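Undergrad: Please see the structure below; I have some questions.
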Amino acid sequence: MIAFLGQGRMGVPMARRLTRAGHKVTTWRRGGGVSAAAAVDGAELVVTMLSDPAAVREVLTAALPGLRPGATVVEMSTIGPEAVRELRALLPAEVGLVDAPVLGSVGPAADGTLTVLAGGDVSGCREVLSVFGSVRELGPLGAGAAMKIAVMSALVPAQVLLAETFAYGEAHGVDRGALIDVLSGTPLGTLAERLRVPSAETRYSLAHATKDLELGAWEGASMAGAARARLQEARAAGLGERDLTAVAEHAGGGPAHRAVPLNLSTIPATNGRYSHAVRVGDMLYVSGQAAFDEHGDLVGEGSMAAQSEHIFQVVSRILADQGATFEDIAFIRSYVTDMDQLVEYGRVRAKYITGTPPASTTVEVSRLFRPGLLLEVDLIVALPR
């Protein structure tokens with residue numbers, strides 16, 4: 001049996017291909033009502049296809065109680081080699097791990113024409129991986145993840161460069177169609193054609209492209225670093241869920257507003273009277289987060305530990321969306337309804353905020369805005385440049 005822990009545009013067609021190939025597949029998605037541990041119970045292979053390193057760590061940590069000895073985790077998200085090494089340390093020794101990110105978008109995922117970049121021992125999953133497309137075995141664990149980041153560190157900046165080329169052309173009266181016609185006769189022709197008409201369908205989201213460069217733009221990588229900054233601006237301007245080709249719309253200037261509201265699709269929606277976070281330049285202001293699920297129902301009633309864990313998981317997704325980590329938190333303020341439960345809250349907080357702590361204020365209040373809430377946390381974050 002195969003357990004597929006995935007979400008989003010790539011996860012659904014990939015899970016369908018496994019089913020059509022005759023495999024018995026149990027699927028899991030966030031908010032689906034089935035725990036990750038229950039989804040992987042009894043599975044020989046566990047495939048993860050998630051948004052970022054924080055999501056992969058969160059879901060596999062939750063799945064640990066259900067992983068059987070001898071199972072193999074096939075990590076197909078784009079998370080980078082460092083995160084793969086962290087997963088190896090997280091998983092029990094008797095559970096195998098293969099990193100196998102893919103090249104390709106939604107269409108190839110549905111057609112089974114992805115390129116699978118595999119690292120580690122694939123002898124037990126080679127046949128399953130071939131369902132998704134051609135498999136390139138690249139070496140030891142982490143080799144696939146490193147190859148994926150290396151490739152995207154070339155392809156994504158190239159698309160940003162073309163977007164800025166179009167902005168230059170527009171500013172100097174160059175016809176866009178004619179410019180693409182000329183570029184089509186150069187080595188950049190294929191990418192130029194993709195930008196002729198920015199895709200209405202999101203094949204490879206701008207937010208995911210930004211995340212890939214945040215993983216790969218190392219110190220001194222001047223071109224990838226500049227492309228990353230441009231994409232971060234476009235993401236903050238609200239283009240994150242659009243296809244990467246939408247960067248062409250943004251290349252002519254910066255965000256329309258200095259204060260850019262951020263409301264992620266991966267966390268419970270607000271009531272419409274506030275935004276989860278607002279980005280102003282290199283600073284992120286995160287609204288008070290409380291323990292609610294995607295239906296607006298209270299999570300962990302009566303348990304400070306459960307509510308704290310839920311809040312910090314939501315915060316981790318907000319941070320990851322902006323390329324930040326818990327180390328980037330400058331200030332954290334906690335509102336608790338009972339100081340006697342502060343130790344329990346502190347244990348959970350210490351799992352996420354390690355090392356030198358940020359500036360902090362903790363306040364006891366008589367009540368919060370919904371009965372049953374024990375905790376609310378807001379933050380100020382210094383974002384990576």
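Each chain of the structure tokens is named A, B, ... in the order shown, its residues numbered from 1; ligands are numbered from 1 in display order.
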Quick one: everything within 9 Å of segment 116-119 of chain A, counting only C-alpha atoms, minus sequence neighbours fewer than 3 positions away in the same chain. Send it as number ranges by chain.

TA: A: 76, 98-103, 122, 129-130, 132-145, 147-148

Undergrad: Near Ala36 of chain A, within 10 Å and counting only C-alpha atoms, which residues show up once chain neighbours fewer than 4 positions away are dropped, as a ChimeraX atom specification?

TA: /A:3-5,27-30,32,40-41,58-67

Undergrad: As a ChimeraX atom specification, please: the residues near Gly169 of chain A (cut-off 12 Å, only C-alpha atoms, same-chain neighbours under 4 positions excluded).

TA: /A:162-165,173-180,248,251-252

Undergrad: Would you please work out which residue, of A:Ile380, A:Ile311, A:Ala291, A:Val336, is nearest to Arg349 of chain A when using only C-alpha atoms?

TA: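 For Arg349 of chain A, the nearest of the given residues is A:Ile311.
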
Undergrad: List every residue of segment 176-290 of chain A that DSSP, applied to the backbone of this structure, places in strand (DSSP E or B), and write the result as a ChimeraX atom specification.

TA: /A:205,243,259-262,277-280,283-289

Undergrad: Could you save the residues just selected, with N, CA and C atoms, as an mmCIF file, in the first residue's frame?

TA:
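Generated file (out-v8.cif):
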data_model
loop_
_atom_site.group_PDB
_atom_site.id
_atom_site.type_symbol
_atom_site.label_atom_id
_atom_site.label_comp_id
_atom_site.auth_asym_id
_atom_site.auth_seq_id
_atom_site.Cartn_x
_atom_site.Cartn_y
_atom_site.Cartn_z
ATOM 1 N N SER A 205 3.600 28.061 -9.354
ATOM 2 C CA SER A 205 3.219 29.329 -8.740
ATOM 3 C C SER A 205 4.430 30.203 -8.453
ATOM 4 N N ASP A 243 0.681 32.116 -11.660
ATOM 5 C CA ASP A 243 1.785 31.418 -12.312
ATOM 6 C C ASP A 243 3.024 32.312 -12.320
ATOM 7 N N ALA A 259 2.278 49.006 2.452
ATOM 8 C CA ALA A 259 1.786 47.990 3.381
ATOM 9 C C ALA A 259 1.013 46.946 2.582
ATOM 10 N N VAL A 260 1.527 45.715 2.544
ATOM 11 C CA VAL A 260 0.943 44.660 1.713
ATOM 12 C C VAL A 260 0.336 43.582 2.602
ATOM 13 N N PRO A 261 -0.994 43.446 2.633
ATOM 14 C CA PRO A 261 -1.637 42.400 3.441
ATOM 15 C C PRO A 261 -1.331 41.015 2.880
ATOM 16 N N LEU A 262 -1.190 40.058 3.775
ATOM 17 C CA LEU A 262 -0.898 38.669 3.387
ATOM 18 C C LEU A 262 -1.889 37.739 4.067
ATOM 19 N N ALA A 277 -1.248 38.812 8.268
ATOM 20 C CA ALA A 277 0.028 39.515 8.393
ATOM 21 C C ALA A 277 0.055 40.656 7.388
ATOM 22 N N VAL A 278 0.903 41.622 7.649
ATOM 23 C CA VAL A 278 1.120 42.729 6.719
ATOM 24 C C VAL A 278 2.622 42.921 6.583
ATOM 25 N N ARG A 279 3.073 42.962 5.341
ATOM 26 C CA ARG A 279 4.498 43.182 5.079
ATOM 27 C C ARG A 279 4.718 44.644 4.727
ATOM 28 N N VAL A 280 5.707 45.249 5.383
ATOM 29 C CA VAL A 280 6.119 46.614 5.083
ATOM 30 C C VAL A 280 7.631 46.577 4.871
ATOM 31 N N MET A 283 9.971 44.193 6.941
ATOM 32 C CA MET A 283 9.367 43.839 8.222
ATOM 33 C C MET A 283 8.002 43.184 7.985
ATOM 34 N N LEU A 284 7.698 42.202 8.812
ATOM 35 C CA LEU A 284 6.427 41.490 8.744
ATOM 36 C C LEU A 284 5.740 41.602 10.095
ATOM 37 N N TYR A 285 4.511 42.076 10.074
ATOM 38 C CA TYR A 285 3.710 42.220 11.290
ATOM 39 C C TYR A 285 2.612 41.164 11.265
ATOM 40 N N VAL A 286 2.677 40.222 12.199
ATOM 41 C CA VAL A 286 1.757 39.078 12.220
ATOM 42 C C VAL A 286 0.674 39.321 13.258
ATOM 43 N N SER A 287 -0.576 39.250 12.825
ATOM 44 C CA SER A 287 -1.706 39.447 13.731
ATOM 45 C C SER A 287 -1.743 38.358 14.798
ATOM 46 N N GLY A 288 -2.497 38.634 15.861
ATOM 47 C CA GLY A 288 -2.656 37.636 16.913
ATOM 48 C C GLY A 288 -3.215 36.340 16.356
ATOM 49 N N GLN A 289 -2.481 35.250 16.536
ATOM 50 C CA GLN A 289 -2.895 33.935 16.052
ATOM 51 C C GLN A 289 -3.489 33.131 17.203
#

Undergrad: How close does segment 154-233 of chain A get to segment 46-51 of chain A? List, as a Markdown table, each residue of segment 154-233 of chain A within 10 Å, its nearest atom pair and the distance in Å to one decimal, counting only C-alpha atoms.

TA:
| residue | atom | partner | partner_atom | distance |
| --- | --- | --- | --- | --- |
| A:Ala207 | CA | A:Ser51 | CA | 9.6 |
| A:His208 | CA | A:Ser51 | CA | 7.4 |
| A:Lys211 | CA | A:Ser51 | CA | 8.9 |

Undergrad: Pick out each residue of segment 31-242 of chain A that DSSP on the backbone tags as helix (DSSP H, G or I); I need them as a PyMOL selection string.

TA: chain A and resi 36-40+53-66+81-90+106-111+126-130+143-171+176-183+189-194+206-216+222-239

Undergrad: Hey, which of A:Gly323, A:Gly42, A:Pro187, A:Gly96 ends up closest to Glu233 of chain A? Count only C-alpha atoms.

TA: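 With only C-alpha atoms as the atom set, the closest residue is A:Gly323.
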
Undergrad: Report, in Å with one decimal, the straight-line distance from atom CA of Glu241 of chain A to atom CA of Ala192 of chain A.

TA: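 We find that atom CA of Glu241 of chain A and atom CA of Ala192 of chain A lie 21.1 Å from each other.
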
Undergrad: Which one is closest to Gly296 of chain A: A:Val151, A:Ala324, A:Ile267, A:Val365? Count only C-alpha atoms.

TA: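 Using only C-alpha atoms, Gly296 of chain A sits closest to A:Ile267.
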
Undergrad: Applying 10 Å and only C-alpha atoms, which residues near Arg347 of chain A remain after dropping the ones on its own chain fewer than 4 positions away? List them as a short mmCIF file (atom, residue, chain, number, x, y, z; two decimals) with C-alpha atoms, in the first residue's frame.

TA:
data_model
loop_
_atom_site.label_atom_id
_atom_site.label_comp_id
_atom_site.auth_asym_id
_atom_site.auth_seq_id
_atom_site.Cartn_x
_atom_site.Cartn_y
_atom_site.Cartn_z
CA ALA A 305 -0.21 22.50 24.89
CA SER A 308 0.14 26.39 21.55
CA GLU A 309 1.21 23.69 19.08
CA LEU A 342 2.72 29.42 31.37
CA VAL A 343 5.11 26.49 31.88
CA LYS A 351 10.47 23.64 20.50
CA TYR A 352 10.18 26.37 17.88
#

Undergrad: Taking 2 positions as the minimum chain separation for residues in the same chain, which residues sit within 10 Å of Ile332 of chain A when counting only C-alpha atoms? Answer as a JSON list (two decimals) with N, CA, C and O atoms, in the first residue's frame.

TA:
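Written file, part-v9.json:
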[["chain", "number", "residue", "atom", "x", "y", "z"],
["A", 286, "VAL", "N", 2.68, 40.22, 12.20],
["A", 286, "VAL", "CA", 1.76, 39.08, 12.22],
["A", 286, "VAL", "C", 0.67, 39.32, 13.26],
["A", 286, "VAL", "O", 0.96, 39.58, 14.43],
["A", 288, "GLY", "N", -2.50, 38.63, 15.86],
["A", 288, "GLY", "CA", -2.66, 37.64, 16.91],
["A", 288, "GLY", "C", -3.22, 36.34, 16.36],
["A", 288, "GLY", "O", -4.28, 36.32, 15.74],
["A", 329, "ILE", "N", 12.34, 36.16, 14.09],
["A", 329, "ILE", "CA", 11.38, 36.87, 14.92],
["A", 329, "ILE", "C", 12.11, 37.91, 15.77],
["A", 329, "ILE", "O", 13.04, 37.60, 16.49],
["A", 330, "ALA", "N", 11.67, 39.17, 15.66],
["A", 330, "ALA", "CA", 12.27, 40.24, 16.46],
["A", 330, "ALA", "C", 11.52, 40.45, 17.77],
["A", 330, "ALA", "O", 12.13, 40.79, 18.79],
["A", 334, "SER", "N", 2.62, 37.41, 23.87],
["A", 334, "SER", "CA", 1.71, 36.31, 24.18],
["A", 334, "SER", "C", 0.66, 36.77, 25.19],
["A", 334, "SER", "O", 0.99, 37.38, 26.22],
["A", 357, "PRO", "N", 16.61, 34.11, 22.54],
["A", 357, "PRO", "CA", 15.19, 34.45, 22.32],
["A", 357, "PRO", "C", 15.02, 35.88, 21.81],
["A", 357, "PRO", "O", 15.88, 36.74, 22.03],
["A", 358, "PRO", "N", 13.91, 36.13, 21.13],
["A", 358, "PRO", "CA", 13.62, 37.50, 20.68],
["A", 358, "PRO", "C", 13.12, 38.36, 21.83],
["A", 358, "PRO", "O", 12.89, 37.86, 22.95],
["A", 359, "ALA", "N", 12.91, 39.64, 21.59],
["A", 359, "ALA", "CA", 12.23, 40.48, 22.56],
["A", 359, "ALA", "C", 10.83, 39.91, 22.78],
["A", 359, "ALA", "O", 10.21, 39.38, 21.85],
["A", 360, "SER", "N", 10.34, 40.00, 24.02],
["A", 360, "SER", "CA", 9.12, 39.27, 24.34],
["A", 360, "SER", "C", 8.33, 39.96, 25.44],
["A", 360, "SER", "O", 8.90, 40.55, 26.36],
["A", 361, "THR", "N", 7.00, 39.87, 25.31],
["A", 361, "THR", "CA", 6.10, 40.32, 26.35],
["A", 361, "THR", "C", 5.02, 39.26, 26.54],
["A", 361, "THR", "O", 4.49, 38.74, 25.56],
["A", 362, "THR", "N", 4.72, 38.94, 27.78],
["A", 362, "THR", "CA", 3.65, 37.99, 28.09],
["A", 362, "THR", "C", 2.68, 38.67, 29.05],
["A", 362, "THR", "O", 3.09, 39.23, 30.07],
["A", 377, "VAL", "N", -1.11, 34.86, 20.14],
["A", 377, "VAL", "CA", 0.29, 35.26, 19.95],
["A", 377, "VAL", "C", 0.40, 36.15, 18.72],
["A", 377, "VAL", "O", -0.11, 35.81, 17.65],
["A", 378, "ASP", "N", 1.05, 37.30, 18.86],
["A", 378, "ASP", "CA", 1.38, 38.12, 17.69],
["A", 378, "ASP", "C", 2.88, 38.36, 17.65],
["A", 378, "ASP", "O", 3.58, 38.18, 18.65],
["A", 379, "LEU", "N", 3.37, 38.75, 16.47],
["A", 379, "LEU", "CA", 4.82, 38.83, 16.27],
["A", 379, "LEU", "C", 5.20, 39.98, 15.34],
["A", 379, "LEU", "O", 4.39, 40.43, 14.52],
["A", 380, "ILE", "N", 6.45, 40.39, 15.46],
["A", 380, "ILE", "CA", 7.09, 41.26, 14.48],
["A", 380, "ILE", "C", 8.34, 40.51, 13.99],
["A", 380, "ILE", "O", 9.12, 40.00, 14.81],
["A", 381, "VAL", "N", 8.49, 40.43, 12.67],
["A", 381, "VAL", "CA", 9.54, 39.59, 12.08],
["A", 381, "VAL", "C", 10.40, 40.43, 11.14],
["A", 381, "VAL", "O", 9.88, 41.22, 10.34]]

Undergrad: Considering only C-alpha atoms, return as a PyMOL selection string whatever protein or nucleic-acid residues lie within 9 Å of Ile79 of chain A, sequence-local ones (same chain, fewer than 2 positions apart) excluded.

TA: chain A and resi 51-54+56+75-77+81-84+101+145+149+211-212+215

Undergrad: For the residues in that selection, give me N, CA, C and O atoms as a PDB file, in the first residue's frame.

TA:
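Saved as again_29.pdb:
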ATOM      1  N   SER A  51       4.341  21.792   0.392  1.00  0.00           N
ATOM      2  CA  SER A  51       4.713  23.113  -0.109  1.00  0.00           C
ATOM      3  C   SER A  51       6.140  23.544   0.215  1.00  0.00           C
ATOM      4  O   SER A  51       6.770  24.225  -0.581  1.00  0.00           O
ATOM      5  N   ASP A  52       6.663  23.158   1.387  1.00  0.00           N
ATOM      6  CA  ASP A  52       7.948  23.706   1.807  1.00  0.00           C
ATOM      7  C   ASP A  52       8.534  22.838   2.914  1.00  0.00           C
ATOM      8  O   ASP A  52       7.874  21.916   3.412  1.00  0.00           O
ATOM      9  N   PRO A  53       9.787  23.097   3.329  1.00  0.00           N
ATOM     10  CA  PRO A  53      10.404  22.271   4.364  1.00  0.00           C
ATOM     11  C   PRO A  53       9.616  22.231   5.667  1.00  0.00           C
ATOM     12  O   PRO A  53       9.513  21.166   6.296  1.00  0.00           O
ATOM     13  N   ALA A  54       9.051  23.367   6.088  1.00  0.00           N
ATOM     14  CA  ALA A  54       8.300  23.394   7.345  1.00  0.00           C
ATOM     15  C   ALA A  54       7.090  22.469   7.280  1.00  0.00           C
ATOM     16  O   ALA A  54       6.791  21.741   8.238  1.00  0.00           O
ATOM     17  N   VAL A  56       6.714  19.805   5.349  1.00  0.00           N
ATOM     18  CA  VAL A  56       7.162  18.409   5.316  1.00  0.00           C
ATOM     19  C   VAL A  56       7.526  17.934   6.722  1.00  0.00           C
ATOM     20  O   VAL A  56       7.138  16.838   7.150  1.00  0.00           O
ATOM     21  N   GLU A  75      10.327  11.454  -0.439  1.00  0.00           N
ATOM     22  CA  GLU A  75      10.074  12.887  -0.286  1.00  0.00           C
ATOM     23  C   GLU A  75      10.221  13.552  -1.658  1.00  0.00           C
ATOM     24  O   GLU A  75      11.306  13.642  -2.199  1.00  0.00           O
ATOM     25  N   MET A  76       9.086  14.022  -2.235  1.00  0.00           N
ATOM     26  CA  MET A  76       9.082  14.539  -3.598  1.00  0.00           C
ATOM     27  C   MET A  76       8.887  16.055  -3.658  1.00  0.00           C
ATOM     28  O   MET A  76       8.791  16.615  -4.742  1.00  0.00           O
ATOM     29  N   SER A  77       8.807  16.709  -2.515  1.00  0.00           N
ATOM     30  CA  SER A  77       8.693  18.162  -2.490  1.00  0.00           C
ATOM     31  C   SER A  77      10.052  18.787  -2.813  1.00  0.00           C
ATOM     32  O   SER A  77      11.075  18.106  -2.840  1.00  0.00           O
ATOM     33  N   PRO A  81      18.728  20.015   0.066  1.00  0.00           N
ATOM     34  CA  PRO A  81      19.460  18.903   0.696  1.00  0.00           C
ATOM     35  C   PRO A  81      19.582  19.020   2.209  1.00  0.00           C
ATOM     36  O   PRO A  81      19.611  17.999   2.907  1.00  0.00           O
ATOM     37  N   GLU A  82      19.668  20.246   2.745  1.00  0.00           N
ATOM     38  CA  GLU A  82      19.781  20.384   4.200  1.00  0.00           C
ATOM     39  C   GLU A  82      18.531  19.853   4.884  1.00  0.00           C
ATOM     40  O   GLU A  82      18.609  19.157   5.903  1.00  0.00           O
ATOM     41  N   ALA A  83      17.365  20.165   4.331  1.00  0.00           N
ATOM     42  CA  ALA A  83      16.114  19.687   4.918  1.00  0.00           C
ATOM     43  C   ALA A  83      16.005  18.173   4.800  1.00  0.00           C
ATOM     44  O   ALA A  83      15.444  17.512   5.687  1.00  0.00           O
ATOM     45  N   VAL A  84      16.549  17.597   3.730  1.00  0.00           N
ATOM     46  CA  VAL A  84      16.544  16.132   3.586  1.00  0.00           C
ATOM     47  C   VAL A  84      17.367  15.497   4.699  1.00  0.00           C
ATOM     48  O   VAL A  84      16.967  14.491   5.299  1.00  0.00           O
ATOM     49  N   PRO A 101      12.532  14.915  -5.783  1.00  0.00           N
ATOM     50  CA  PRO A 101      11.771  16.045  -6.328  1.00  0.00           C
ATOM     51  C   PRO A 101      11.650  15.913  -7.837  1.00  0.00           C
ATOM     52  O   PRO A 101      12.379  15.146  -8.475  1.00  0.00           O
ATOM     53  N   ALA A 145      17.592  16.362  -4.240  1.00  0.00           N
ATOM     54  CA  ALA A 145      17.191  17.671  -3.736  1.00  0.00           C
ATOM     55  C   ALA A 145      18.171  18.750  -4.173  1.00  0.00           C
ATOM     56  O   ALA A 145      17.765  19.858  -4.544  1.00  0.00           O
ATOM     57  N   ILE A 149      17.364  22.092  -6.782  1.00  0.00           N
ATOM     58  CA  ILE A 149      17.641  23.486  -6.447  1.00  0.00           C
ATOM     59  C   ILE A 149      18.632  24.091  -7.446  1.00  0.00           C
ATOM     60  O   ILE A 149      18.488  25.252  -7.857  1.00  0.00           O
ATOM     61  N   LYS A 211      10.089  30.459  -3.162  1.00  0.00           N
ATOM     62  CA  LYS A 211      10.595  29.539  -2.139  1.00  0.00           C
ATOM     63  C   LYS A 211      11.799  28.757  -2.648  1.00  0.00           C
ATOM     64  O   LYS A 211      12.793  28.568  -1.929  1.00  0.00           O
ATOM     65  N   ASP A 212      11.752  28.315  -3.917  1.00  0.00           N
ATOM     66  CA  ASP A 212      12.876  27.547  -4.472  1.00  0.00           C
ATOM     67  C   ASP A 212      14.145  28.385  -4.495  1.00  0.00           C
ATOM     68  O   ASP A 212      15.242  27.888  -4.184  1.00  0.00           O
ATOM     69  N   LEU A 215      15.657  28.823  -1.087  1.00  0.00           N
ATOM     70  CA  LEU A 215      16.445  27.656  -0.690  1.00  0.00           C
ATOM     71  C   LEU A 215      17.799  27.629  -1.386  1.00  0.00           C
ATOM     72  O   LEU A 215      18.770  27.107  -0.841  1.00  0.00           O
TER      73      LEU A 215
END

Undergrad: Counting only C-alpha atoms, which residue out of A:Arg194, A:Ala110, A:Gly185, A:Ala38 sits closest to Gly11 of chain A?

TA: A:Ala110

Undergrad: Quick check, in Å to one decimal: how far apart do atom CA of Thr72 of chain A and atom CA of Val95 of chain A lie?

TA: 5.6 Å

Undergrad: In Å, how far is it from atom CA of Gly220 of chain A to atom CA of Asp282 of chain A?

TA: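 Here the two named atoms are 19.9 Å from each other.
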
Undergrad: Taking only C-alpha atoms into account, name the residue in A:Phe326, A:Gln159, A:Leu244, A:Arg203 that is nearest to Gly189 of chain A.

TA: A:Gln159
